[in-house]
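Asker: Hey, dropping my_file_38.tsv in here, TSV, C-alpha atoms:
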chain	number	residue	atom	x	y	z
A	1	MET	CA	0.00	0.00	0.00
A	2	ALA	CA	1.48	3.33	-1.04
A	3	SER	CA	1.79	5.99	1.61
A	4	ILE	CA	-0.09	9.20	1.09
A	5	GLU	CA	2.20	12.20	1.15
A	6	ARG	CA	0.78	15.41	2.56
A	7	LYS	CA	0.78	18.15	-0.04
A	8	TRP	CA	2.03	21.54	1.02
A	9	ALA	CA	1.34	24.86	-0.66
A	10	PRO	CA	4.56	26.55	-1.72
A	11	PRO	CA	5.88	29.65	0.08
A	12	GLY	CA	3.89	32.66	-1.01
A	13	ARG	CA	0.70	30.60	-1.37
A	14	LEU	CA	0.23	29.34	2.18
A	15	LYS	CA	-3.16	29.90	3.71
A	16	VAL	CA	-1.97	31.18	7.08
A	17	ASP	CA	-2.93	34.10	9.29
A	18	LEU	CA	0.33	35.74	10.29
A	19	ASP	CA	-1.18	38.52	12.37
A	20	SER	CA	-4.24	37.77	14.48
A	21	ASN	CA	-3.87	34.42	16.26
A	22	TRP	CA	-1.19	34.91	18.91
A	23	ALA	CA	-0.99	33.34	22.36
A	24	ASN	CA	0.56	35.49	25.11
A	25	LEU	CA	2.61	33.71	27.75
A	26	LYS	CA	4.54	34.85	30.80
A	27	GLY	CA	7.16	32.76	32.52
A	28	GLU	CA	10.87	32.34	33.09
A	29	ILE	CA	13.71	31.35	30.80
A	30	GLU	CA	16.94	30.43	32.56
A	31	GLY	CA	15.65	32.12	35.73
A	32	GLU	CA	14.79	35.41	33.98
A	33	LEU	CA	11.33	36.93	33.48
A	34	ALA	CA	10.08	36.26	29.95
A	35	TYR	CA	7.12	37.48	27.93
A	36	ILE	CA	6.42	35.20	24.98
A	37	ARG	CA	4.06	35.55	22.03
A	38	VAL	CA	3.46	32.43	19.95
A	39	ASN	CA	1.87	32.56	16.50
A	40	GLU	CA	-0.85	29.91	16.74
A	41	GLY	CA	-1.86	30.77	13.17
A	42	LEU	CA	1.08	28.65	11.99
A	43	LYS	CA	-0.12	25.36	13.51
A	44	ASP	CA	-1.27	24.03	10.12
A	45	VAL	CA	2.18	24.55	8.55
A	46	VAL	CA	4.37	23.18	11.34
A	47	GLY	CA	6.88	20.85	9.75
A	48	HIS	CA	6.39	22.25	6.21
A	49	PRO	CA	9.39	20.75	4.38
A	50	GLU	CA	10.37	24.02	2.71
A	51	TYR	CA	10.57	25.89	6.04
A	52	ASP	CA	13.40	23.78	7.38
A	53	HIS	CA	15.52	26.50	9.01
A	54	ARG	CA	14.76	28.80	11.89
A	55	LEU	CA	16.27	32.21	12.07
A	56	ILE	CA	16.50	34.23	15.23
A	57	VAL	CA	16.81	37.99	15.21
A	58	SER	CA	17.99	39.06	18.66
A	59	ILE	CA	17.45	42.78	19.30
A	60	GLN	CA	19.08	44.37	22.35
A	61	VAL	CA	16.93	46.63	24.52
A	62	ASN	CA	18.81	49.89	25.09
A	63	GLU	CA	17.08	50.93	28.33
A	64	VAL	CA	16.46	47.96	30.63
A	65	ARG	CA	14.73	47.62	34.00
A	66	GLU	CA	16.21	45.44	36.72
A	67	ASP	CA	13.96	42.55	35.63
A	68	GLY	CA	15.33	42.68	32.05
A	69	MET	CA	12.27	44.30	30.47
A	70	PRO	CA	12.24	47.62	28.56
A	71	ALA	CA	12.55	50.47	31.09
A	72	THR	CA	10.19	52.99	29.49
A	73	LYS	CA	7.12	53.15	27.25
A	74	GLU	CA	9.31	54.89	24.67
A	75	GLU	CA	11.82	52.02	24.69
A	76	LEU	CA	9.03	49.45	24.39
A	77	THR	CA	7.55	51.40	21.44
A	78	ALA	CA	10.99	51.58	19.81
A	79	ILE	CA	11.50	47.80	20.16
A	80	ASP	CA	7.98	47.18	18.75
A	81	GLU	CA	8.81	49.39	15.75
A	82	VAL	CA	12.07	47.53	15.08
A	83	GLU	CA	10.17	44.22	15.35
A	84	ASP	CA	7.63	45.46	12.79
A	85	VAL	CA	10.37	46.36	10.28
A	86	TYR	CA	12.02	42.93	10.61
A	87	ARG	CA	8.67	41.15	10.44
A	88	ASN	CA	7.50	43.01	7.34
A	89	THR	CA	10.83	42.64	5.53
A	90	LEU	CA	11.49	38.97	6.33
A	91	GLN	CA	7.90	37.82	5.73
A	92	THR	CA	7.92	39.20	2.17
A	93	ARG	CA	6.20	36.66	-0.11
A	94	GLN	CA	6.09	34.28	2.90
A	95	GLU	CA	9.82	33.57	2.57
A	96	SER	CA	9.98	33.57	6.37
A	97	LEU	CA	7.19	33.23	8.93
A	98	LEU	CA	7.33	34.83	12.38
A	99	ALA	CA	6.59	31.98	14.78
A	100	ALA	CA	7.37	33.42	18.22
A	101	VAL	CA	8.59	36.55	19.96
A	102	VAL	CA	10.45	36.31	23.26
A	103	THR	CA	11.28	39.34	25.41
A	104	THR	CA	13.68	38.47	28.22
A	105	ASN	CA	16.95	39.49	29.84
A	106	GLY	CA	17.38	42.78	27.97
A	107	ARG	CA	16.59	41.54	24.48
A	108	ARG	CA	13.76	40.62	22.14
A	109	ASP	CA	14.17	37.49	20.04
A	110	LEU	CA	12.13	37.17	16.86
A	111	ILE	CA	11.95	33.50	15.86
A	112	PHE	CA	11.12	32.89	12.20
A	113	TYR	CA	10.96	29.74	10.09
A	114	THR	CA	12.34	30.32	6.63
A	115	SER	CA	12.19	28.68	3.25
A	116	ASN	CA	15.17	30.65	2.01
A	117	PRO	CA	17.93	31.18	4.60
A	118	GLN	CA	20.29	32.73	2.05
A	119	GLN	CA	17.71	35.36	1.04
A	120	ALA	CA	16.96	36.08	4.71
A	121	ILE	CA	20.68	36.66	5.36
A	122	HIS	CA	20.84	38.87	2.25
A	123	ARG	CA	17.85	40.92	3.47
A	124	PHE	CA	19.45	41.29	6.90
A	125	GLU	CA	22.81	42.38	5.51
A	126	ASN	CA	21.41	44.74	2.87
A	127	ASP	CA	17.87	45.88	3.66
A	128	LEU	CA	17.92	45.81	7.46
A	129	GLN	CA	21.46	46.91	8.24
A	130	PRO	CA	20.52	50.58	8.94
A	131	LEU	CA	18.61	49.41	12.05
A	132	ALA	CA	21.87	48.04	13.46
A	133	GLU	CA	23.10	51.62	13.82
A	134	THR	CA	20.61	52.34	16.63
A	135	ARG	CA	20.72	49.03	18.50
A	136	GLU	CA	22.72	45.84	18.66
A	137	VAL	CA	21.17	43.08	16.57
A	138	GLU	CA	22.29	39.46	16.13
A	139	PHE	CA	21.05	37.22	13.35
A	140	MET	CA	21.36	33.44	13.62
A	141	VAL	CA	20.24	30.67	11.26
A	142	HIS	CA	19.92	27.02	12.30
A	143	PRO	CA	18.46	23.89	10.68
A	144	ASP	CA	15.15	23.00	12.37
A	145	ALA	CA	13.09	20.92	9.95
A	146	GLU	CA	10.88	19.60	12.75
A	147	TRP	CA	10.16	23.08	14.14
A	148	ASP	CA	11.45	21.95	17.54
A	149	LEU	CA	11.81	25.43	18.99
A	150	TYR	CA	8.27	26.41	17.97
A	151	ARG	CA	6.93	23.16	19.42
A	152	ASP	CA	8.69	23.94	22.71
A	153	PHE	CA	6.42	26.98	23.07
A	154	THR	CA	3.14	25.31	22.00
For this file, write the structure as structure tokens.

Answerer:
Amino acid sequence: MASIERKWAPPGRLKVDLDSNWANLKGEIEGELAYIRVNEGLKDVVGHPEYDHRLIVSIQVNEVREDGMPATKEELTAIDEVEDVYRNTLQTRQESLLAAVVTTNGRRDLIFYTSNPQQAIHRFENDLQPLAETREVEFMVHPDAEWDLYRDFT
């Protein structure tokens, strides 16, 4: 008996809601306060074979409270604005999908799954580099075909 292979829509044609179905969590990561948002709108594409790498954009918070969170409303707004720029740029044509956002220990990590790690790196180095002038940003790419990090949060 032949196995039935699940058919996946290609990037750019996925039927996913990237904006409105987020779970908000509060907890600790390595003993530090953490606020976590998980995109539950991606549940139907978890494990999509073309999104086999995760990329993490780690944005430093410039003004930090003792508990590691942004110190002022202005700093929180600034971090939100930087997040929006990365989200909009990296999610172009569904090349990358924002899966989770973690704010902890003086930084905000944006966790994407990407179908094109090379293009994501290119966008970071060319389109997003001006943001690095106002705050420290790290960009990391790792294989994660099973979406293990996303599953850790769901």

Asker: May I have the residues within 9 Å of Phe124 (chain A) as a tab-separated table (two decimals) with C-alpha atoms, in the coordinates of the input, using only C-alpha atoms and disregarding those fewer than 3 positions away in the same chain?

Answerer:
chain	number	residue	atom	x	y	z
A	86	TYR	CA	12.02	42.93	10.61
A	89	THR	CA	10.83	42.64	5.53
A	90	LEU	CA	11.49	38.97	6.33
A	119	GLN	CA	17.71	35.36	1.04
A	120	ALA	CA	16.96	36.08	4.71
A	121	ILE	CA	20.68	36.66	5.36
A	127	ASP	CA	17.87	45.88	3.66
A	128	LEU	CA	17.92	45.81	7.46
A	129	GLN	CA	21.46	46.91	8.24
A	139	PHE	CA	21.05	37.22	13.35

Asker: Just how far from CA of Ser58 (chain A) is CA of Met140 (chain A), in Å to one decimal?

Answerer: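 Here the two named atoms are 8.3 Å from each other.
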
Asker: At most 6 Å from (4.8, 36.4, 21.8), file frame, all atoms listed in the file: which residues, as a VMD selection string?

Answerer: chain A and resid 24 36 to 38 100 to 102

Asker: Which value, in Å to one decimal, gives the distance between CA of Asp109 (chain A) and CA of Glu32 (chain A)?

Answerer: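 Separation between CA of Asp109 (chain A) and CA of Glu32 (chain A): 14.1 Å.
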
Asker: Taking (0.0, 41.4, 9.1) in the file's own coordinates, collect the residues within 12 Å, counting all atoms listed in the file, and hand them back as a list in words.

Answerer: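 Selection result: Val16, Asp17, Leu18, Asp19, Ser20, Asn21, Trp22, Asn39, Gly41, Asp84, Val85, Arg87, Asn88, Thr89, Gln91, Thr92, Gln94, Leu97 and Leu98 of chain A.
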
Asker: Between CA of Asn116 (chain A) and CA of Glu50 (chain A), what distance in Å does the model show, to one decimal?

Answerer: 8.2 Å

Asker: Restricting the calculation to only C-alpha atoms, which member of A:Arg108, A:Arg151, A:Lys7, A:His142 is positioned closest to Leu42 (chain A)?

Answerer: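 Counting only C-alpha atoms, the residue closest to Leu42 (chain A) is A:Arg151.
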
Asker: Taking only C-alpha atoms into account, which of A:Val137, A:Ala23, A:Arg123, A:Ser115 comes nearest Glu95 (chain A)?

Answerer: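 Ranking A:Val137, A:Ala23, A:Arg123, A:Ser115 by distance to Glu95 (chain A), first place goes to A:Ser115.
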
Asker: Any idea what's packed within 9 Å of Trp8 (chain A), counting all atoms listed in the file, ignoring anything in its chain fewer than 6 positions away? Could you give it as a PyMOL selection string?

Answerer: chain A and resi 14+45+48-50

Asker: Find the residue from A:Val46, A:Ile29, A:Thr103, A:Arg93 that sits nearest to Val64 (chain A); use only C-alpha atoms when measuring.

Answerer: A:Thr103

Asker: Between A:Gly68, A:Pro11, A:Gly31, A:Gly47, single out the one closest to Gly106 (chain A), counting only C-alpha atoms.

Answerer: A:Gly68

Asker: Might you pull out every residue within 6 Å of Tyr113 (chain A), with all atoms listed in the file counted and same-chain residues fewer than 2 positions away left off, and present them as number ranges by chain?

Answerer: A: 51, 53-54, 96-97

Asker: May I ask which of the residues A:Glu75, A:Glu28, A:Asp148, A:Asp44 is the closest one to Ala9 (chain A), counting only C-alpha atoms?

Answerer: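 The answer is A:Asp44, which sits nearest to Ala9 (chain A).
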
Asker: Please complete region 54-82 of chain A with N, CA and C atoms and give it back as a PDB file, keeping the file's coordinate frame.

Answerer:
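Wrote it out as rebuild_24.pdb, contents follow:
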ATOM      1  N   ARG A  54      15.278  27.707  11.065  1.00  0.00           N
ATOM      2  CA  ARG A  54      14.760  28.800  11.890  1.00  0.00           C
ATOM      3  C   ARG A  54      15.815  29.895  11.864  1.00  0.00           C
ATOM      4  N   LEU A  55      15.343  31.104  11.921  1.00  0.00           N
ATOM      5  CA  LEU A  55      16.270  32.210  12.070  1.00  0.00           C
ATOM      6  C   LEU A  55      15.807  33.022  13.264  1.00  0.00           C
ATOM      7  N   ILE A  56      16.777  33.461  14.020  1.00  0.00           N
ATOM      8  CA  ILE A  56      16.500  34.230  15.230  1.00  0.00           C
ATOM      9  C   ILE A  56      17.146  35.594  15.070  1.00  0.00           C
ATOM     10  N   VAL A  57      16.332  36.621  15.186  1.00  0.00           N
ATOM     11  CA  VAL A  57      16.810  37.990  15.210  1.00  0.00           C
ATOM     12  C   VAL A  57      16.750  38.422  16.664  1.00  0.00           C
ATOM     13  N   SER A  58      17.908  38.678  17.251  1.00  0.00           N
ATOM     14  CA  SER A  58      17.990  39.060  18.660  1.00  0.00           C
ATOM     15  C   SER A  58      18.309  40.549  18.738  1.00  0.00           C
ATOM     16  N   ILE A  59      17.353  41.325  19.245  1.00  0.00           N
ATOM     17  CA  ILE A  59      17.450  42.780  19.300  1.00  0.00           C
ATOM     18  C   ILE A  59      17.688  43.200  20.749  1.00  0.00           C
ATOM     19  N   GLN A  60      18.781  43.901  20.987  1.00  0.00           N
ATOM     20  CA  GLN A  60      19.080  44.370  22.350  1.00  0.00           C
ATOM     21  C   GLN A  60      18.144  45.520  22.719  1.00  0.00           C
ATOM     22  N   VAL A  61      17.691  45.525  23.959  1.00  0.00           N
ATOM     23  CA  VAL A  61      16.930  46.630  24.520  1.00  0.00           C
ATOM     24  C   VAL A  61      17.947  47.626  25.056  1.00  0.00           C
ATOM     25  N   ASN A  62      17.828  48.880  24.664  1.00  0.00           N
ATOM     26  CA  ASN A  62      18.810  49.890  25.090  1.00  0.00           C
ATOM     27  C   ASN A  62      18.620  50.324  26.536  1.00  0.00           C
ATOM     28  N   GLU A  63      17.374  50.515  26.955  1.00  0.00           N
ATOM     29  CA  GLU A  63      17.080  50.930  28.330  1.00  0.00           C
ATOM     30  C   GLU A  63      16.337  49.804  29.023  1.00  0.00           C
ATOM     31  N   VAL A  64      16.986  49.184  30.021  1.00  0.00           N
ATOM     32  CA  VAL A  64      16.460  47.960  30.630  1.00  0.00           C
ATOM     33  C   VAL A  64      16.188  48.169  32.121  1.00  0.00           C
ATOM     34  N   ARG A  65      15.035  47.656  32.574  1.00  0.00           N
ATOM     35  CA  ARG A  65      14.730  47.620  34.000  1.00  0.00           C
ATOM     36  C   ARG A  65      15.552  46.512  34.661  1.00  0.00           C
ATOM     37  N   GLU A  66      15.493  46.464  35.958  1.00  0.00           N
ATOM     38  CA  GLU A  66      16.210  45.440  36.720  1.00  0.00           C
ATOM     39  C   GLU A  66      15.761  44.025  36.364  1.00  0.00           C
ATOM     40  N   ASP A  67      14.480  43.871  35.967  1.00  0.00           N
ATOM     41  CA  ASP A  67      13.960  42.550  35.630  1.00  0.00           C
ATOM     42  C   ASP A  67      14.221  42.160  34.167  1.00  0.00           C
ATOM     43  N   GLY A  68      14.969  43.003  33.427  1.00  0.00           N
ATOM     44  CA  GLY A  68      15.330  42.680  32.050  1.00  0.00           C
ATOM     45  C   GLY A  68      14.356  43.153  30.996  1.00  0.00           C
ATOM     46  N   MET A  69      13.270  43.801  31.421  1.00  0.00           N
ATOM     47  CA  MET A  69      12.270  44.300  30.470  1.00  0.00           C
ATOM     48  C   MET A  69      12.596  45.747  30.079  1.00  0.00           C
ATOM     49  N   PRO A  70      12.020  46.227  28.955  1.00  0.00           N
ATOM     50  CA  PRO A  70      12.240  47.620  28.560  1.00  0.00           C
ATOM     51  C   PRO A  70      11.866  48.571  29.699  1.00  0.00           C
ATOM     52  N   ALA A  71      12.698  49.601  29.919  1.00  0.00           N
ATOM     53  CA  ALA A  71      12.550  50.470  31.090  1.00  0.00           C
ATOM     54  C   ALA A  71      11.457  51.524  30.931  1.00  0.00           C
ATOM     55  N   THR A  72      11.152  51.915  29.699  1.00  0.00           N
ATOM     56  CA  THR A  72      10.190  52.990  29.490  1.00  0.00           C
ATOM     57  C   THR A  72       9.203  52.619  28.379  1.00  0.00           C
ATOM     58  N   LYS A  73       8.081  53.349  28.343  1.00  0.00           N
ATOM     59  CA  LYS A  73       7.120  53.150  27.250  1.00  0.00           C
ATOM     60  C   LYS A  73       7.779  53.469  25.907  1.00  0.00           C
ATOM     61  N   GLU A  74       8.627  54.498  25.902  1.00  0.00           N
ATOM     62  CA  GLU A  74       9.310  54.890  24.670  1.00  0.00           C
ATOM     63  C   GLU A  74      10.229  53.766  24.173  1.00  0.00           C
ATOM     64  N   GLU A  75      10.927  53.117  25.086  1.00  0.00           N
ATOM     65  CA  GLU A  75      11.820  52.020  24.690  1.00  0.00           C
ATOM     66  C   GLU A  75      11.014  50.821  24.180  1.00  0.00           C
ATOM     67  N   LEU A  76       9.898  50.530  24.842  1.00  0.00           N
ATOM     68  CA  LEU A  76       9.030  49.450  24.390  1.00  0.00           C
ATOM     69  C   LEU A  76       8.484  49.760  22.985  1.00  0.00           C
ATOM     70  N   THR A  77       8.047  50.994  22.768  1.00  0.00           N
ATOM     71  CA  THR A  77       7.550  51.400  21.440  1.00  0.00           C
ATOM     72  C   THR A  77       8.655  51.268  20.401  1.00  0.00           C
ATOM     73  N   ALA A  78       9.871  51.675  20.749  1.00  0.00           N
ATOM     74  CA  ALA A  78      10.990  51.580  19.810  1.00  0.00           C
ATOM     75  C   ALA A  78      11.281  50.124  19.438  1.00  0.00           C
ATOM     76  N   ILE A  79      11.265  49.226  20.424  1.00  0.00           N
ATOM     77  CA  ILE A  79      11.500  47.800  20.160  1.00  0.00           C
ATOM     78  C   ILE A  79      10.366  47.243  19.286  1.00  0.00           C
ATOM     79  N   ASP A  80       9.122  47.624  19.577  1.00  0.00           N
ATOM     80  CA  ASP A  80       7.980  47.180  18.750  1.00  0.00           C
ATOM     81  C   ASP A  80       8.148  47.635  17.307  1.00  0.00           C
ATOM     82  N   GLU A  81       8.624  48.865  17.110  1.00  0.00           N
ATOM     83  CA  GLU A  81       8.810  49.390  15.750  1.00  0.00           C
ATOM     84  C   GLU A  81       9.906  48.627  15.010  1.00  0.00           C
ATOM     85  N   VAL A  82      10.999  48.309  15.700  1.00  0.00           N
ATOM     86  CA  VAL A  82      12.070  47.530  15.080  1.00  0.00           C
ATOM     87  C   VAL A  82      11.542  46.136  14.723  1.00  0.00           C
TER      88      VAL A  82
END
